[in-house]
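See below for start22.cif, which holds mmCIF, C-alpha atoms.
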```cif
data_model
#
loop_
_atom_site.label_atom_id
_atom_site.label_comp_id
_atom_site.auth_asym_id
_atom_site.auth_seq_id
_atom_site.Cartn_x
_atom_site.Cartn_y
_atom_site.Cartn_z
CA MET A 1 24.03 -64.65 -20.64
CA GLU A 2 25.19 -63.24 -17.33
CA TYR A 3 24.88 -66.69 -15.77
CA PHE A 4 27.13 -68.26 -18.40
CA SER A 5 29.64 -65.44 -18.06
CA SER A 6 29.76 -65.97 -14.29
CA LEU A 7 30.91 -69.56 -14.91
CA GLY A 8 33.98 -68.42 -16.85
CA TYR A 9 35.49 -70.87 -19.31
CA SER A 10 33.00 -73.65 -18.53
CA GLY A 11 30.09 -71.22 -18.97
CA LEU A 12 31.40 -70.27 -22.39
CA PHE A 13 31.71 -73.93 -23.36
CA ILE A 14 28.12 -74.62 -22.30
CA ALA A 15 26.79 -71.50 -24.04
CA ALA A 16 28.68 -72.31 -27.25
CA PHE A 17 27.48 -75.91 -27.22
CA LEU A 18 23.85 -74.98 -26.61
CA ALA A 19 23.96 -72.12 -29.13
CA ALA A 20 24.77 -74.65 -31.84
CA THR A 21 21.94 -76.99 -30.85
CA ILE A 22 18.54 -76.42 -29.35
CA LEU A 23 18.54 -73.04 -27.65
CA PRO A 24 18.59 -69.57 -29.17
CA LEU A 25 21.67 -68.40 -27.28
CA SER A 26 24.41 -66.01 -28.24
CA SER A 27 27.76 -67.46 -27.30
CA GLU A 28 29.33 -64.36 -28.87
CA VAL A 29 27.92 -62.24 -26.04
CA VAL A 30 29.47 -64.57 -23.45
CA LEU A 31 32.77 -64.62 -25.36
CA THR A 32 32.81 -60.82 -25.50
CA ALA A 33 32.02 -60.45 -21.80
CA LEU A 34 34.73 -62.91 -20.81
CA THR A 35 37.27 -61.35 -23.17
CA LEU A 36 36.56 -57.95 -21.65
CA SER A 37 36.90 -59.42 -18.15
CA GLY A 38 40.54 -60.22 -18.87
CA LEU A 39 40.47 -63.97 -19.52
CA SER A 40 42.82 -65.29 -22.20
CA PRO A 41 41.33 -64.54 -25.64
CA VAL A 42 43.16 -67.51 -27.18
CA THR A 43 41.79 -69.92 -24.59
CA LEU A 44 38.32 -68.41 -24.92
CA VAL A 45 38.33 -68.80 -28.71
CA ILE A 46 39.49 -72.42 -28.46
CA ILE A 47 36.86 -73.30 -25.86
CA ALA A 48 34.06 -71.55 -27.76
CA THR A 49 35.05 -73.26 -31.00
CA ILE A 50 35.21 -76.72 -29.42
CA GLY A 51 31.86 -76.25 -27.67
CA ASN A 52 30.16 -74.95 -30.79
CA VAL A 53 31.57 -77.67 -33.05
CA LEU A 54 30.45 -80.33 -30.56
CA GLY A 55 26.98 -78.78 -30.62
CA SER A 56 27.02 -78.95 -34.41
CA LEU A 57 28.09 -82.60 -34.18
CA THR A 58 24.99 -83.20 -32.08
CA ASN A 59 22.91 -81.77 -34.94
CA TYR A 60 24.83 -83.95 -37.39
CA ALA A 61 24.03 -87.03 -35.28
CA LEU A 62 20.35 -86.07 -35.18
CA GLY A 63 20.33 -85.78 -38.95
CA TYR A 64 22.17 -89.04 -39.32
CA TRP A 65 19.92 -91.12 -37.05
CA ALA A 66 16.52 -89.42 -36.78
CA SER A 67 13.71 -88.89 -39.27
CA VAL A 68 13.10 -85.46 -40.81
CA LYS A 69 9.87 -84.95 -38.84
CA VAL A 70 11.53 -85.85 -35.53
CA ILE A 71 14.39 -83.47 -36.30
CA GLN A 72 12.01 -80.63 -37.15
CA LYS A 73 10.10 -81.19 -33.93
CA TRP A 74 13.18 -81.36 -31.69
CA LEU A 75 14.97 -78.42 -33.25
CA LYS A 76 11.79 -76.46 -33.97
CA LEU A 77 12.73 -76.11 -37.62
CA SER A 78 10.11 -75.10 -40.14
CA ASP A 79 9.68 -76.92 -43.44
CA GLU A 80 10.96 -73.73 -45.05
CA ALA A 81 14.17 -73.64 -42.96
CA VAL A 82 14.94 -77.26 -43.79
CA GLU A 83 14.21 -76.70 -47.48
CA GLN A 84 16.38 -73.55 -47.60
CA ALA A 85 19.26 -75.39 -45.97
CA ALA A 86 18.85 -78.32 -48.37
CA GLN A 87 18.83 -75.98 -51.38
CA ARG A 88 21.95 -74.17 -50.18
CA PHE A 89 23.63 -77.48 -49.56
CA LYS A 90 22.73 -78.71 -53.02
CA LYS A 91 23.81 -75.43 -54.63
CA TYR A 92 27.13 -74.98 -52.82
CA GLY A 93 27.86 -78.55 -51.82
CA ILE A 94 29.99 -79.56 -48.89
CA LEU A 95 31.71 -76.14 -48.79
CA SER A 96 28.45 -74.66 -47.49
CA LEU A 97 29.36 -76.19 -44.13
CA PHE A 98 31.99 -73.47 -43.75
CA PHE A 99 29.01 -71.15 -43.19
CA ALA A 100 27.40 -73.25 -40.45
CA TRP A 101 28.08 -70.35 -38.07
CA LEU A 102 25.44 -68.19 -39.77
CA PRO A 103 22.24 -67.56 -37.83
CA ILE A 104 19.04 -69.28 -38.99
CA ILE A 105 20.59 -71.48 -41.70
CA GLY A 106 23.60 -72.81 -39.78
CA ASP A 107 21.84 -75.33 -37.57
CA PRO A 108 19.71 -76.77 -40.39
CA LEU A 109 22.86 -77.08 -42.54
CA THR A 110 24.53 -79.25 -39.93
CA VAL A 111 21.43 -81.43 -39.58
CA ILE A 112 21.18 -81.84 -43.35
CA ALA A 113 24.85 -82.80 -43.48
CA GLY A 114 24.03 -85.67 -41.16
CA MET A 115 21.00 -86.63 -43.22
CA LEU A 116 23.16 -86.68 -46.35
CA ARG A 117 25.89 -88.67 -44.56
CA VAL A 118 28.61 -86.10 -45.27
CA HIS A 119 32.01 -87.54 -44.41
CA LEU A 120 32.59 -86.73 -40.74
CA LEU A 121 36.16 -85.49 -41.20
CA TRP A 122 35.07 -82.96 -43.86
CA PHE A 123 32.21 -81.90 -41.62
CA ILE A 124 34.50 -81.23 -38.65
CA VAL A 125 37.13 -79.42 -40.74
CA LEU A 126 34.70 -77.12 -42.55
CA VAL A 127 32.38 -76.41 -39.63
CA GLY A 128 35.33 -76.00 -37.28
CA ALA A 129 37.15 -73.59 -39.59
CA GLY A 130 34.11 -71.37 -40.05
CA LYS A 131 33.30 -71.27 -36.35
CA LEU A 132 36.94 -70.68 -35.38
CA LEU A 133 37.21 -67.70 -37.71
CA ARG A 134 33.94 -66.28 -36.38
CA TYR A 135 35.14 -66.50 -32.77
CA ILE A 136 38.53 -65.00 -33.66
CA PHE A 137 36.73 -62.07 -35.28
CA VAL A 138 34.38 -61.57 -32.30
CA SER A 139 37.28 -61.74 -29.86
CA TYR A 140 39.31 -59.29 -31.95
CA LEU A 141 36.41 -56.84 -32.02
CA ALA A 142 35.98 -57.12 -28.26
CA LEU A 143 39.65 -56.36 -27.72
CA GLN A 144 39.41 -53.32 -30.01
CA VAL A 145 36.53 -51.94 -27.96
CA ALA A 146 38.36 -52.44 -24.65
#
```
Could you spell out this file's structure in structure tokens?
Amino acid sequence: MEYFSSLGYSGLFIAAFLAATILPLSSEVVLTALTLSGLSPVTLVIIATIGNVLGSLTNYALGYWASVKVIQKWLKLSDEAVEQAAQRFKKYGILSLFFAWLPIIGDPLTVIAGMLRVHLLWFIVLVGAGKLLRYIFVSYLALQVA
């Protein structure tokens, strides 16, 4: 995380993008470090949100174009994780995408949205809103600690 923090805004973008895709990263740690270093919290939140949503769009594209087995292999998702995400999606519908920021179930939700061909605009709005609110909250907490 120190490496990403040393890159400033671009490091946060990369960390946020990767955290939403294939690597178990914590973009929140990078966001907090950069907020505490004095960079603009508004700019940081915007960059983190854009990076994370673009990472989620990558998952959506995988779900849209790849087979379930290929997706599980690439993203290292267990049958159980995919099934849990599918059940949540079926239970709560498209609104479940608002919770794509949650650990463990968030990435599979975005893949399943692609598999189910969720309308892209709804995907971006719901995923973006959830991730934006999460980053606002993390940034706010960081500023309270400072």
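The residue that comes closest to Leu132 (chain A), out of A:Gly114, A:Gly38, A:Gly63, A:Gly51 and on the basis of all atoms listed in the file, is A:Gly51.
A straight line drawn from CA of Ala48 (chain A) to CA of Leu77 (chain A) is 23.9 Å long.
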- What lies within 7 Å of Leu44 (chain A) using only C-alpha atoms, ignoring chain neighbours under 4 positions off, as JSON, numbers by chain? {"A": [9, 31, 40, 48]}
- Excluding Val145 (chain A) and residues on its chain fewer than 2 positions from it, collect all residues at most 12 Å away from it, counting only C-alpha atoms, and give them as a VMD selection string. chain A and resid 32 to 33 35 to 36 138 to 143
- Message: Here's the selection I'm unsure about, the PyMOL selection byres ((chain A and resi 58) around 10); applied to the file above, which residues does it give, as JSON, numbers by chain?
- Response: {"A": [17, 18, 20, 21, 22, 52, 53, 54, 55, 56, 57, 59, 60, 61, 62, 63, 64, 110, 111, 114]}
- Query: Got a sec: who's within 12 Å of Leu95 (chain A), counting all atoms listed in the file, leaving out chain neighbours fewer than 3 positions off, as a list in words?
  - Reply: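 Contacts, in chain order: Arg88, Phe89, Lys90, Lys91, Tyr92, Phe98, Phe99, Ala100, Leu109, Thr110, Ala113, Val118, Trp122, Phe123, Ile124, Val125, Leu126, Val127, Ala129 and Gly130 of chain A.
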Any chance you could export the current selection's C-alpha atoms as a short mmCIF file (atom, residue, chain, number, x, y, z; two decimals), in the coordinates of the input?
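Just written: again09.cif:
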```cif
data_model
loop_
_atom_site.label_atom_id
_atom_site.label_comp_id
_atom_site.auth_asym_id
_atom_site.auth_seq_id
_atom_site.Cartn_x
_atom_site.Cartn_y
_atom_site.Cartn_z
CA ARG A 88 21.95 -74.17 -50.18
CA PHE A 89 23.63 -77.48 -49.56
CA LYS A 90 22.73 -78.71 -53.02
CA LYS A 91 23.81 -75.43 -54.63
CA TYR A 92 27.13 -74.98 -52.82
CA PHE A 98 31.99 -73.47 -43.75
CA PHE A 99 29.01 -71.15 -43.19
CA ALA A 100 27.40 -73.25 -40.45
CA LEU A 109 22.86 -77.08 -42.54
CA THR A 110 24.53 -79.25 -39.93
CA ALA A 113 24.85 -82.80 -43.48
CA VAL A 118 28.61 -86.10 -45.27
CA TRP A 122 35.07 -82.96 -43.86
CA PHE A 123 32.21 -81.90 -41.62
CA ILE A 124 34.50 -81.23 -38.65
CA VAL A 125 37.13 -79.42 -40.74
CA LEU A 126 34.70 -77.12 -42.55
CA VAL A 127 32.38 -76.41 -39.63
CA ALA A 129 37.15 -73.59 -39.59
CA GLY A 130 34.11 -71.37 -40.05
#
```
- Query: So which residues touch Ala81 (chain A) within 7 Å, counting only C-alpha atoms, skipping near sequence neighbours fewer than 3 positions away, as a list in words?
  - Reply: Leu77, Ser78, Gln84, Ala85, Ile105 and Pro108 of chain A
- Query: Could you spell out the hits of the PyMOL selection byres ((chain A and resi 3) around 12) on the shown file, as a PyMOL selection string?
  - Reply: chain A and resi 1-2+4-12+14-15+27+29-30+33-34
- Message: Would you compute the distance between CA of Leu121 (chain A) and CA of Val45 (chain A)? Give it in Å to one decimal.
- Response: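 Interatomic distance here is 21.0 Å.
Between CA of Ser96 (chain A) and CA of Lys131 (chain A) the separation is 12.6 Å.
Considering the residues A:Ala66, A:Arg134, A:Val42, A:Met115 and counting all atoms listed in the file, Pro103 (chain A) has its shortest atom-to-atom contact with A:Arg134.
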